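Trainee: Data: protein_2.json, JSON, C-alpha atoms and all ligand atoms.
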[["chain", "number", "residue", "atom", "x", "y", "z"],
["O", 1, "MET", "CA", -16.21, 21.32, 0.56],
["O", 2, "ASN", "CA", -12.85, 19.77, -0.34],
["O", 3, "VAL", "CA", -13.17, 16.14, -1.57],
["O", 4, "PRO", "CA", -10.33, 13.96, -0.19],
["O", 5, "ALA", "CA", -8.49, 11.49, -2.46],
["O", 6, "LEU", "CA", -9.46, 8.72, -0.08],
["O", 7, "HIS", "CA", -12.36, 8.77, 2.34],
["O", 8, "ALA", "CA", -13.36, 5.86, 4.57],
["O", 9, "LYS", "CA", -16.79, 6.52, 6.06],
["O", 10, "ALA", "CA", -18.13, 4.75, 9.12],
["O", 11, "LEU", "CA", -16.46, 1.43, 8.27],
["O", 12, "ARG", "CA", -17.62, -1.60, 10.22],
["O", 13, "ARG", "CA", -16.14, -5.07, 9.77],
["O", 14, "ARG", "CA", -16.84, -8.12, 11.88],
["O", 15, "PHE", "CA", -15.09, -11.50, 11.55],
["O", 16, "SER", "CA", -16.57, -14.79, 12.78],
["O", 17, "HIS", "CA", -14.38, -17.16, 14.74],
["O", 18, "PRO", "CA", -15.30, -20.42, 16.50],
["O", 19, "GLY", "CA", -14.78, -18.61, 19.83],
["O", 20, "GLY", "CA", -17.19, -15.79, 18.86],
["O", 21, "ASP", "CA", -17.34, -12.80, 16.56],
["O", 22, "VAL", "CA", -14.72, -10.05, 16.62],
["O", 23, "GLU", "CA", -15.70, -6.57, 15.48],
["O", 24, "VAL", "CA", -12.37, -5.30, 14.16],
["O", 25, "LEU", "CA", -13.59, -1.97, 12.76],
["O", 26, "ARG", "CA", -16.36, -0.11, 14.59],
["O", 27, "GLY", "CA", -17.37, 2.87, 12.53],
["O", 28, "LEU", "CA", -13.87, 3.92, 11.49],
["O", 29, "GLU", "CA", -13.36, 7.27, 9.72],
["O", 30, "LEU", "CA", -10.30, 8.26, 7.68],
["O", 31, "ARG", "CA", -9.70, 11.07, 5.17],
["O", 32, "VAL", "CA", -6.45, 11.28, 3.24],
["O", 33, "GLU", "CA", -5.71, 14.16, 0.87],
["O", 34, "ALA", "CA", -3.78, 13.90, -2.40],
["O", 35, "GLY", "CA", -0.08, 14.32, -1.58],
["O", 36, "GLU", "CA", -0.51, 13.37, 2.08],
["O", 37, "LEU", "CA", 1.37, 10.53, 3.76],
["O", 38, "VAL", "CA", -0.50, 9.00, 6.70],
["O", 39, "THR", "CA", 0.94, 6.24, 8.89],
["O", 40, "VAL", "CA", -1.26, 3.87, 10.89],
["O", 41, "SER", "CA", 0.09, 2.26, 14.05],
["O", 42, "GLY", "CA", -1.59, -0.07, 16.51],
["O", 43, "ARG", "CA", -0.82, -3.33, 18.24],
["O", 44, "SER", "CA", -0.70, -6.61, 16.33],
["O", 45, "GLY", "CA", -4.26, -7.77, 15.64],
["O", 46, "SER", "CA", -5.73, -4.27, 16.01],
["O", 47, "GLY", "CA", -7.01, -4.28, 12.41],
["O", 48, "LYS", "CA", -4.45, -2.37, 10.33],
["O", 49, "SER", "CA", -4.29, -4.97, 7.55],
["O", 50, "ALA", "CA", -8.06, -5.46, 7.67],
["O", 51, "LEU", "CA", -8.44, -1.71, 7.15],
["O", 52, "LEU", "CA", -6.06, -1.65, 4.16],
["O", 53, "ALA", "CA", -7.96, -4.57, 2.56],
["O", 54, "LEU", "CA", -11.16, -2.52, 2.78],
["O", 55, "LEU", "CA", -9.50, 0.67, 1.51],
["O", 56, "GLY", "CA", -8.09, -1.25, -1.46],
["O", 57, "GLY", "CA", -11.41, -2.90, -2.30],
["O", 58, "PHE", "CA", -10.17, -6.44, -1.60],
["O", 59, "ASP", "CA", -12.69, -6.86, 1.18],
["O", 60, "SER", "CA", -16.14, -5.36, 1.74],
["O", 61, "PRO", "CA", -17.30, -3.65, 4.91],
["O", 62, "ASP", "CA", -20.42, -4.84, 6.76],
["O", 63, "SER", "CA", -21.47, -1.21, 6.64],
["O", 64, "GLY", "CA", -19.93, 2.12, 5.69],
["O", 65, "CYS", "CA", -18.10, 2.81, 2.44],
["O", 66, "VAL", "CA", -14.83, 3.86, 0.82],
["O", 67, "LEU", "CA", -14.81, 6.83, -1.56],
["O", 68, "LEU", "CA", -11.97, 7.59, -3.98],
["O", 69, "ASP", "CA", -12.17, 11.20, -5.18],
["O", 70, "GLY", "CA", -15.71, 11.19, -3.83],
["O", 71, "GLU", "CA", -16.78, 8.11, -5.82],
["O", 72, "SER", "CA", -17.79, 4.89, -4.14],
["O", 73, "ILE", "CA", -15.63, 1.86, -5.02],
["O", 74, "ALA", "CA", -17.07, -1.49, -6.05],
["O", 75, "GLY", "CA", -14.32, -4.12, -5.85],
["O", 76, "ALA", "CA", -10.62, -3.39, -6.31],
["O", 77, "PRO", "CA", -9.98, -0.32, -8.52],
["O", 78, "PRO", "CA", -7.28, -0.48, -11.26],
["O", 79, "TRP", "CA", -3.64, -0.17, -10.16],
["O", 80, "HIS", "CA", -3.14, 3.31, -11.57],
["O", 81, "THR", "CA", -5.98, 4.47, -9.31],
["O", 82, "CYS", "CA", -5.15, 2.50, -6.18],
["O", 83, "ALA", "CA", -2.02, 0.37, -5.74],
["O", 84, "VAL", "CA", -1.75, -1.99, -2.81],
["O", 85, "LEU", "CA", 1.36, -3.53, -1.30],
["O", 86, "PRO", "CA", -0.01, -6.20, 1.05],
["O", 87, "GLN", "CA", 1.93, -7.78, 3.93],
["O", 88, "ALA", "CA", 2.20, -10.97, 1.83],
["O", 89, "LEU", "CA", 3.54, -8.93, -1.18],
["O", 90, "GLY", "CA", 1.56, -10.76, -3.90],
["O", 91, "LEU", "CA", 4.27, -10.76, -6.61],
["O", 92, "ALA", "CA", 3.45, -12.73, -9.79],
["O", 93, "LEU", "CA", 5.77, -15.74, -9.40],
["O", 94, "GLU", "CA", 5.85, -16.66, -13.10],
["O", 95, "LEU", "CA", 7.14, -13.18, -14.07],
["O", 96, "THR", "CA", 10.66, -11.83, -13.59],
["O", 97, "VAL", "CA", 11.35, -8.92, -11.25],
["O", 98, "GLY", "CA", 11.44, -6.49, -14.19],
["O", 99, "GLU", "CA", 8.20, -7.85, -15.64],
["O", 100, "ASN", "CA", 6.48, -7.56, -12.26],
["O", 101, "VAL", "CA", 7.43, -3.89, -11.94],
["O", 102, "ALA", "CA", 6.41, -3.19, -15.55],
["O", 103, "LEU", "CA", 3.02, -4.87, -15.11],
["O", 104, "PRO", "CA", 0.96, -1.88, -13.90],
["O", 105, "LEU", "CA", 2.40, 0.18, -16.78],
["O", 106, "ARG", "CA", 1.70, -2.53, -19.38],
["O", 107, "LEU", "CA", -1.85, -3.05, -18.11],
["O", 108, "ARG", "CA", -2.63, 0.63, -18.34],
["O", 109, "ALA", "CA", -5.04, 1.29, -21.16],
["O", 110, "GLY", "CA", -5.50, 4.34, -23.37],
["O", 111, "GLU", "CA", -3.78, 7.70, -23.27],
["O", 112, "GLY", "CA", -1.74, 7.32, -20.08],
["O", 113, "ARG", "CA", -0.06, 4.15, -21.32],
["O", 114, "PRO", "CA", 3.74, 4.61, -21.68],
["O", 115, "GLY", "CA", 5.77, 3.14, -24.57],
["O", 116, "PRO", "CA", 8.33, 0.32, -24.16],
["O", 117, "ALA", "CA", 11.32, 2.66, -23.70],
["O", 118, "ALA", "CA", 9.53, 4.70, -21.02],
["O", 119, "ILE", "CA", 8.50, 1.48, -19.25],
["O", 120, "ARG", "CA", 12.11, 0.18, -19.28],
["O", 121, "SER", "CA", 13.41, 3.45, -17.94],
["O", 122, "ARG", "CA", 10.81, 3.65, -15.13],
["O", 123, "VAL", "CA", 11.49, 0.02, -14.11],
["O", 124, "SER", "CA", 15.29, 0.57, -13.96],
["O", 125, "GLU", "CA", 14.96, 3.88, -12.13],
["O", 126, "LEU", "CA", 12.82, 2.25, -9.42],
["O", 127, "LEU", "CA", 14.82, -0.97, -9.05],
["O", 128, "ASP", "CA", 18.18, 0.89, -9.04],
["O", 129, "GLY", "CA", 16.87, 3.38, -6.50],
["O", 130, "LEU", "CA", 15.88, 0.54, -4.17],
["O", 131, "GLY", "CA", 19.21, -1.27, -4.55],
["O", 132, "VAL", "CA", 17.79, -4.25, -6.50],
["O", 133, "GLY", "CA", 18.67, -3.11, -10.03],
["O", 134, "THR", "CA", 20.85, -6.16, -10.69],
["O", 135, "LEU", "CA", 17.95, -8.54, -9.99],
["O", 136, "ALA", "CA", 15.64, -7.49, -12.84],
["O", 137, "ASP", "CA", 15.94, -10.79, -14.72],
["O", 138, "ARG", "CA", 15.47, -13.05, -11.71],
["O", 139, "TYR", "CA", 12.20, -14.61, -10.56],
["O", 140, "PRO", "CA", 10.72, -13.75, -7.15],
["O", 141, "HIS", "CA", 11.59, -17.17, -5.64],
["O", 142, "GLU", "CA", 15.27, -16.43, -6.37],
["O", 143, "LEU", "CA", 15.18, -13.37, -4.08],
["O", 144, "SER", "CA", 15.32, -12.93, -0.31],
["O", 145, "PHE", "CA", 12.11, -11.74, 1.31],
["O", 146, "GLY", "CA", 13.61, -8.27, 1.88],
["O", 147, "GLN", "CA", 14.52, -8.05, -1.82],
["O", 148, "GLN", "CA", 11.02, -9.22, -2.80],
["O", 149, "GLN", "CA", 9.57, -6.56, -0.54],
["O", 150, "ARG", "CA", 11.45, -3.81, -2.39],
["O", 151, "VAL", "CA", 10.40, -5.25, -5.76],
["O", 152, "ALA", "CA", 6.77, -5.31, -4.62],
["O", 153, "LEU", "CA", 7.06, -1.65, -3.59],
["O", 154, "ALA", "CA", 8.58, -0.78, -6.98],
["O", 155, "ARG", "CA", 5.64, -2.50, -8.67],
["O", 156, "ALA", "CA", 3.09, -0.74, -6.45],
["O", 157, "VAL", "CA", 4.43, 2.73, -7.32],
["O", 158, "SER", "CA", 5.51, 2.21, -10.95],
["O", 159, "GLY", "CA", 2.21, 3.42, -12.42],
["O", 160, "ARG", "CA", 2.17, 6.56, -10.21],
["O", 161, "PRO", "CA", -1.12, 5.61, -8.56],
["O", 162, "LYS", "CA", -3.47, 8.20, -7.06],
["O", 163, "ILE", "CA", -3.62, 6.14, -3.86],
["O", 164, "LEU", "CA", -0.89, 3.90, -2.43],
["O", 165, "LEU", "CA", -1.68, 1.51, 0.43],
["O", 166, "THR", "CA", 1.29, -0.29, 1.93],
["O", 167, "ASP", "CA", 1.39, -2.76, 4.79],
["O", 168, "GLU", "CA", 4.61, -2.96, 6.84],
["O", 169, "PRO", "CA", 6.85, -1.91, 3.92],
["O", 170, "THR", "CA", 10.05, -2.08, 6.03],
["O", 171, "ALA", "CA", 9.27, -5.25, 8.00],
["O", 172, "HIS", "CA", 11.89, -7.46, 6.31],
["O", 173, "LEU", "CA", 14.55, -4.89, 5.43],
["O", 174, "ASP", "CA", 18.04, -4.47, 6.80],
["O", 175, "ALA", "CA", 18.78, -1.00, 8.18],
["O", 176, "GLY", "CA", 20.75, -0.04, 5.05],
["O", 177, "SER", "CA", 17.74, -0.55, 2.75],
["O", 178, "VAL", "CA", 15.25, 1.45, 4.81],
["O", 179, "PRO", "CA", 16.22, 5.02, 3.73],
["O", 180, "ALA", "CA", 15.64, 4.27, 0.02],
["O", 181, "VAL", "CA", 12.19, 2.87, 0.79],
["O", 182, "LEU", "CA", 11.28, 5.84, 2.97],
["O", 183, "GLY", "CA", 12.61, 8.23, 0.32],
["O", 184, "LEU", "CA", 10.44, 6.59, -2.33],
["O", 185, "LEU", "CA", 7.31, 6.75, -0.16],
["O", 186, "ARG", "CA", 7.94, 10.45, 0.53],
["O", 187, "ARG", "CA", 8.55, 11.14, -3.17],
["O", 188, "CYS", "CA", 5.26, 9.45, -4.08],
["O", 189, "ALA", "CA", 3.44, 11.75, -1.70],
["O", 190, "GLU", "CA", 5.28, 14.78, -3.07],
["O", 191, "GLU", "CA", 4.20, 13.77, -6.60],
["O", 192, "GLY", "CA", 0.58, 13.87, -5.42],
["O", 193, "THR", "CA", -0.21, 10.31, -4.35],
["O", 194, "ALA", "CA", -2.28, 9.85, -1.19],
["O", 195, "VAL", "CA", -0.17, 7.35, 0.78],
["O", 196, "VAL", "CA", -1.35, 5.18, 3.69],
["O", 197, "VAL", "CA", 1.25, 3.06, 5.48],
["O", 198, "ALA", "CA", 0.44, 0.53, 8.20],
["O", 199, "THR", "CA", 3.58, 0.05, 10.27],
["O", 200, "HIS", "CA", 5.15, -0.79, 13.62],
["O", 201, "ASP", "CA", 8.36, 0.97, 12.53],
["O", 202, "GLU", "CA", 9.11, 4.26, 14.30],
["O", 203, "GLU", "CA", 11.37, 5.33, 11.40],
["O", 204, "VAL", "CA", 8.39, 5.18, 9.02],
["O", 205, "HIS", "CA", 6.22, 7.21, 11.40],
["O", 206, "ARG", "CA", 8.87, 9.93, 11.34],
["O", 207, "ILE", "CA", 8.30, 10.66, 7.63],
["O", 208, "ALA", "CA", 4.52, 10.95, 8.03],
["O", 209, "ASP", "CA", 2.54, 14.12, 7.46],
["O", 210, "ARG", "CA", 0.06, 12.70, 9.95],
["O", 211, "ARG", "CA", 0.07, 9.71, 12.28],
["O", 212, "VAL", "CA", -3.00, 7.84, 13.43],
["O", 213, "ARG", "CA", -3.35, 4.88, 15.77],
["O", 214, "MET", "CA", -5.80, 2.01, 15.57],
["O", 215, "ALA", "CA", -7.46, 1.30, 18.90],
["O", 216, "ASP", "CA", -10.78, -0.38, 19.65],
["O", 217, "GLY", "CA", -11.73, -0.44, 15.99],
["O", 218, "LEU", "CA", -11.31, 3.31, 15.51],
["O", 219, "LEU", "CA", -8.48, 5.64, 14.53],
["O", 220, "ALA", "CA", -7.17, 8.21, 16.96],
["O", 221, "GLY", "CA", -4.70, 11.00, 16.17],
["O", 222, "ILE", "CA", -1.27, 10.96, 17.81],
["Q", 1, "LIG", "N1", -10.18, -12.91, 6.93],
["Q", 1, "LIG", "C1", -10.28, -12.95, 8.27],
["Q", 1, "LIG", "N2", -11.07, -13.86, 8.88],
["Q", 1, "LIG", "C2", -11.18, -13.87, 10.21],
["Q", 1, "LIG", "N3", -10.54, -13.02, 11.04],
["Q", 1, "LIG", "C3", -9.74, -12.11, 10.49],
["Q", 1, "LIG", "C4", -9.56, -12.03, 9.07],
["Q", 1, "LIG", "N4", -8.70, -11.00, 8.82],
["Q", 1, "LIG", "C5", -8.36, -10.48, 10.02],
["Q", 1, "LIG", "N5", -9.00, -11.14, 11.02],
["Q", 1, "LIG", "C6", -8.90, -10.80, 12.45],
["Q", 1, "LIG", "O1", -9.00, -9.39, 12.55],
["Q", 1, "LIG", "C7", -8.10, -8.89, 13.54],
["Q", 1, "LIG", "C8", -7.22, -7.84, 12.92],
["Q", 1, "LIG", "O2", -6.28, -8.46, 12.05],
["Q", 1, "LIG", "P1", -5.24, -7.63, 11.19],
["Q", 1, "LIG", "O3", -4.52, -8.60, 10.33],
["Q", 1, "LIG", "O4", -5.95, -6.53, 10.51],
["Q", 1, "LIG", "O5", -4.30, -7.02, 12.33],
["Q", 1, "LIG", "P2", -3.02, -6.08, 12.17],
["Q", 1, "LIG", "O6", -3.27, -4.85, 12.98],
["Q", 1, "LIG", "O7", -2.70, -5.90, 10.74],
["Q", 1, "LIG", "O8", -1.88, -6.94, 12.89],
["Q", 1, "LIG", "P3", -0.29, -7.06, 12.55],
["Q", 1, "LIG", "O9", 0.34, -5.83, 13.18],
["Q", 1, "LIG", "O10", 0.11, -8.31, 13.26],
["Q", 1, "LIG", "O11", -0.09, -7.13, 11.07],
["Q", 1, "LIG", "C9", -7.38, -10.10, 14.11],
["Q", 1, "LIG", "O12", -8.04, -10.46, 15.32],
["Q", 1, "LIG", "C10", -7.56, -11.17, 13.07],
["Q", 1, "LIG", "O13", -7.59, -12.44, 13.65],
["Q", 2, "MG", "MG", -1.11, -6.50, 9.59]]
Show me this structure written as structure tokens.
Ligand SMILES: Nc1ncnc2c1ncn2[C@@H]1O[C@H](COP(=O)(O)OP(=O)(O)OP(=O)(O)O)[C@@H](O)[C@H]1O
Ligand SMILES: [Mg+2]
Mentor:
Amino acid sequence: MNVPALHAKALRRRFSHPGGDVEVLRGLELRVEAGELVTVSGRSGSGKSALLALLGGFDSPDSGCVLLDGESIAGAPPWHTCAVLPQALGLALELTVGENVALPLRLRAGEGRPGPAAIRSRVSELLDGLGVGTLADRYPHELSFGQQQRVALARAVSGRPKILLTDEPTAHLDAGSVPAVLGLLRRCAEEGTAVVVATHDEEVHRIADRRVRMADGLLAGI
């Protein structure tokens, strides 16, 4: 049988609150193939970000598991395997924009590691494509949140990860910046990355190969 790039099996996750426990994921199943772009919708608080944290290995399920290419993950995998763009972005504040985007490439060990010229060219191509090419030498705190969001996307995709998980990638963008972001997400999928996007944005859902909706701790097709 075909092994998906990403396979979430029977994920359960419960959070404790003073008012009582909330079971956010209740046996959730998700399979995403290499080259497939899947969008996840669902009301605020339905568990989209909680799901991405589990898929990216930043959180552990109470039961169930996440398989990447059929292998179980223990903790967060390296960026060239699974890149995550969280809602809070997570840029390294002490590095410039260009250094942030180059980071996954510089951290890559062994054969797949590009040389300095290839890294520079990949960083410029991504930043220019997202309309933030002139900001490469600035630090994240010198950027608007929408600019930071595009830089964080450039960093997430720079190492051509096998899996890309992005949380509300258009939430802080003006309408003019959205097409470049959507184009980049589509291109990643076309280059073979399995892409999962949590979003409230109808424009993002339109570029999906498949849409799913989070409801009652499970995913339903749309
Ligand atoms: N670390 C945590 N500790 C306790 N509760 C949490 C934690 N993370 C998430 N939750 C709870 O899990 C539920 C799902 O939260 P989550 O952030 O996944 O929602 P979401 O679908 O991403 O919402 P939004 O669309 O607003 O981003 C919420 O009820 C939230 O309070
Ligand atoms: Mg969220």
Trainee: Could you pull the residues within 6 Å of segment 43-58 of chain O, counting all atoms listed in the file, minus those fewer than 2 positions along the same chain, as a VMD selection string?
Mentor: chain O and resid 24 60 75 to 76
Trainee: From the list O:Ala118, O:Val204, O:Leu127, O:Ala109, which residue is nearest Trp79 of chain O when using all atoms listed in the file?
Mentor: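 Closest to Trp79 of chain O, using all atoms listed in the file: O:Ala109.
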Trainee: With distances taken over all atoms listed in the file, which residue among O:Ser72, O:Leu218, O:Leu25, O:Gly146 lies nearest Ala175 of chain O?
Mentor: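 Among O:Ser72, O:Leu218, O:Leu25, O:Gly146, it is O:Gly146 that comes nearest to Ala175 of chain O.
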Trainee: Env of Arg206 of chain O: 12 Å cut, atoms = all atoms listed in the file, seq-sep filter 3 positions within chain, self excluded. Answer as a list of chain:residue names.
Mentor: O:Leu37, O:Val38, O:Thr39, O:Val40, O:Ser41, O:Pro179, O:Leu182, O:Gly183, O:Arg186, O:Val197, O:Thr199, O:His200, O:Asp201, O:Glu202, O:Glu203, O:Asp209, O:Arg210, O:Arg211
Trainee: Mind pulling up the distance from atom CA of Ala92 of chain O to atom CA of Pro140 of chain O?
Mentor: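 Computing the Euclidean distance for atom CA of Pro140 of chain O and atom CA of Ala92 of chain O yields 7.8 Å.
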Trainee: Give the answer as one residue: which of O:Glu94, O:Asp167, O:Glu142, O:Glu111 has the shortest atom-to-atom distance to ligand LIG 1 (chain Q), using only C-alpha atoms and all ligand atoms?
Mentor: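 Among O:Glu94, O:Asp167, O:Glu142, O:Glu111, it is O:Asp167 that comes nearest to ligand LIG 1 (chain Q).
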Trainee: When you count only C-alpha atoms and all ligand atoms, which of these residues is closest to ligand MG 2 (chain Q): O:Gly70, O:Gly35, O:Pro161, O:Gly42?
Mentor: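 Checking each of O:Gly70, O:Gly35, O:Pro161, O:Gly42 against ligand MG 2 (chain Q), counting only C-alpha atoms and all ligand atoms, the winner is O:Gly42.
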Trainee: Could you list, as a PDB file with C-alpha atoms, in the frame of the given file, every residue within 12 Å of Phe145 of chain O, counting only C-alpha atoms and ignoring same-chain residues fewer than 6 positions away?
Mentor:
ATOM      1  CA  GLN O  87       1.930  -7.780   3.930  1.00  0.00           C
ATOM      2  CA  ALA O  88       2.200 -10.970   1.830  1.00  0.00           C
ATOM      3  CA  LEU O  89       3.540  -8.930  -1.180  1.00  0.00           C
ATOM      4  CA  GLY O  90       1.560 -10.760  -3.900  1.00  0.00           C
ATOM      5  CA  LEU O  91       4.270 -10.760  -6.610  1.00  0.00           C
ATOM      6  CA  VAL O 151      10.400  -5.250  -5.760  1.00  0.00           C
ATOM      7  CA  ALA O 152       6.770  -5.310  -4.620  1.00  0.00           C
ATOM      8  CA  PRO O 169       6.850  -1.910   3.920  1.00  0.00           C
ATOM      9  CA  THR O 170      10.050  -2.080   6.030  1.00  0.00           C
ATOM     10  CA  ALA O 171       9.270  -5.250   8.000  1.00  0.00           C
ATOM     11  CA  HIS O 172      11.890  -7.460   6.310  1.00  0.00           C
ATOM     12  CA  LEU O 173      14.550  -4.890   5.430  1.00  0.00           C
ATOM     13  CA  ASP O 174      18.040  -4.470   6.800  1.00  0.00           C
TER      14      ASP O 174
END
Trainee: Work out how far atom CA of Ile163 of chain O is from atom CA of Cys82 of chain O, in Å to one decimal.
Mentor: 4.6 Å
Trainee: Could you list as a PDB file with C-alpha atoms, in the frame of the given file every residue that has an atom within 6 Å of (-18.3, 2.0, 10.9), using the file's coordinates and counting all atoms listed in the file?
Mentor:
ATOM      1  CA  ALA O  10     -18.130   4.750   9.120  1.00  0.00           C
ATOM      2  CA  LEU O  11     -16.460   1.430   8.270  1.00  0.00           C
ATOM      3  CA  ARG O  12     -17.620  -1.600  10.220  1.00  0.00           C
ATOM      4  CA  ARG O  26     -16.360  -0.110  14.590  1.00  0.00           C
ATOM      5  CA  GLY O  27     -17.370   2.870  12.530  1.00  0.00           C
ATOM      6  CA  LEU O  28     -13.870   3.920  11.490  1.00  0.00           C
ATOM      7  CA  GLY O  64     -19.930   2.120   5.690  1.00  0.00           C
TER       8      GLY O  64
END
Trainee: Please, which residues are within 7 Å of (-13.1, 4.5, 0.6) by the file's coordinates, counting only C-alpha atoms, and could they come as a list in words?
Mentor: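 So the residues meeting the distance criterion are Leu6, His7, Ala8, Lys9, Leu55, Cys65, Val66, Leu67, Leu68, Ser72 and Ile73 of chain O.
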Trainee: Take the residues that were just selected and, keeping C-alpha atoms, output them as a PDB file, keeping the file's coordinate frame.
Mentor:
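This went into selection34.pdb:
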ATOM      1  CA  LEU O   6      -9.460   8.720  -0.080  1.00  0.00           C
ATOM      2  CA  HIS O   7     -12.360   8.770   2.340  1.00  0.00           C
ATOM      3  CA  ALA O   8     -13.360   5.860   4.570  1.00  0.00           C
ATOM      4  CA  LYS O   9     -16.790   6.520   6.060  1.00  0.00           C
ATOM      5  CA  LEU O  55      -9.500   0.670   1.510  1.00  0.00           C
ATOM      6  CA  CYS O  65     -18.100   2.810   2.440  1.00  0.00           C
ATOM      7  CA  VAL O  66     -14.830   3.860   0.820  1.00  0.00           C
ATOM      8  CA  LEU O  67     -14.810   6.830  -1.560  1.00  0.00           C
ATOM      9  CA  LEU O  68     -11.970   7.590  -3.980  1.00  0.00           C
ATOM     10  CA  SER O  72     -17.790   4.890  -4.140  1.00  0.00           C
ATOM     11  CA  ILE O  73     -15.630   1.860  -5.020  1.00  0.00           C
TER      12      ILE O  73
END
Trainee: When you draw a straight line from atom CA of Leu126 of chain O to atom CA of Gly110 of chain O, how long is it in Å?
Mentor: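 For atom CA of Leu126 of chain O relative to atom CA of Gly110 of chain O, the distance reads 23.1 Å.
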Trainee: Please complete segment 40-55 of chain O with N, CA and C atoms and give it back as a PDB file, in the coordinates of the input.
Mentor:
ATOM      1  N   VAL O  40      -0.306   4.474   9.957  1.00  0.00           N
ATOM      2  CA  VAL O  40      -1.260   3.870  10.890  1.00  0.00           C
ATOM      3  C   VAL O  40      -0.498   2.915  11.795  1.00  0.00           C
ATOM      4  N   SER O  41      -0.530   3.174  13.096  1.00  0.00           N
ATOM      5  CA  SER O  41       0.090   2.260  14.050  1.00  0.00           C
ATOM      6  C   SER O  41      -1.012   1.520  14.804  1.00  0.00           C
ATOM      7  N   GLY O  42      -0.610   0.702  15.735  1.00  0.00           N
ATOM      8  CA  GLY O  42      -1.590  -0.070  16.510  1.00  0.00           C
ATOM      9  C   GLY O  42      -1.029  -1.450  16.763  1.00  0.00           C
ATOM     10  N   ARG O  43      -1.423  -2.044  17.879  1.00  0.00           N
ATOM     11  CA  ARG O  43      -0.820  -3.330  18.240  1.00  0.00           C
ATOM     12  C   ARG O  43      -1.192  -4.398  17.207  1.00  0.00           C
ATOM     13  N   SER O  44      -0.439  -5.494  17.241  1.00  0.00           N
ATOM     14  CA  SER O  44      -0.700  -6.610  16.330  1.00  0.00           C
ATOM     15  C   SER O  44      -2.121  -7.132  16.577  1.00  0.00           C
ATOM     16  N   GLY O  45      -2.876  -7.301  15.513  1.00  0.00           N
ATOM     17  CA  GLY O  45      -4.260  -7.770  15.640  1.00  0.00           C
ATOM     18  C   GLY O  45      -5.257  -6.645  15.815  1.00  0.00           C
ATOM     19  N   SER O  46      -4.795  -5.382  15.788  1.00  0.00           N
ATOM     20  CA  SER O  46      -5.730  -4.270  16.010  1.00  0.00           C
ATOM     21  C   SER O  46      -6.571  -3.955  14.778  1.00  0.00           C
ATOM     22  N   GLY O  47      -6.165  -4.470  13.596  1.00  0.00           N
ATOM     23  CA  GLY O  47      -7.010  -4.280  12.410  1.00  0.00           C
ATOM     24  C   GLY O  47      -6.404  -3.441  11.309  1.00  0.00           C
ATOM     25  N   LYS O  48      -5.095  -3.205  11.353  1.00  0.00           N
ATOM     26  CA  LYS O  48      -4.450  -2.370  10.330  1.00  0.00           C
ATOM     27  C   LYS O  48      -4.562  -3.010   8.935  1.00  0.00           C
ATOM     28  N   SER O  49      -4.227  -4.302   8.855  1.00  0.00           N
ATOM     29  CA  SER O  49      -4.290  -4.970   7.550  1.00  0.00           C
ATOM     30  C   SER O  49      -5.741  -5.108   7.090  1.00  0.00           C
ATOM     31  N   ALA O  50      -6.628  -5.367   8.028  1.00  0.00           N
ATOM     32  CA  ALA O  50      -8.060  -5.460   7.670  1.00  0.00           C
ATOM     33  C   ALA O  50      -8.535  -4.136   7.090  1.00  0.00           C
ATOM     34  N   LEU O  51      -8.067  -3.032   7.668  1.00  0.00           N
ATOM     35  CA  LEU O  51      -8.440  -1.710   7.150  1.00  0.00           C
ATOM     36  C   LEU O  51      -7.912  -1.515   5.726  1.00  0.00           C
ATOM     37  N   LEU O  52      -6.627  -1.852   5.503  1.00  0.00           N
ATOM     38  CA  LEU O  52      -6.060  -1.650   4.160  1.00  0.00           C
ATOM     39  C   LEU O  52      -6.797  -2.498   3.124  1.00  0.00           C
ATOM     40  N   ALA O  53      -7.211  -3.720   3.510  1.00  0.00           N
ATOM     41  CA  ALA O  53      -7.960  -4.570   2.560  1.00  0.00           C
ATOM     42  C   ALA O  53      -9.275  -3.901   2.158  1.00  0.00           C
ATOM     43  N   LEU O  54      -9.910  -3.232   3.105  1.00  0.00           N
ATOM     44  CA  LEU O  54     -11.160  -2.520   2.780  1.00  0.00           C
ATOM     45  C   LEU O  54     -10.883  -1.294   1.922  1.00  0.00           C
ATOM     46  N   LEU O  55      -9.822  -0.544   2.276  1.00  0.00           N
ATOM     47  CA  LEU O  55      -9.500   0.670   1.510  1.00  0.00           C
ATOM     48  C   LEU O  55      -9.152   0.325   0.067  1.00  0.00           C
TER      49      LEU O  55
END
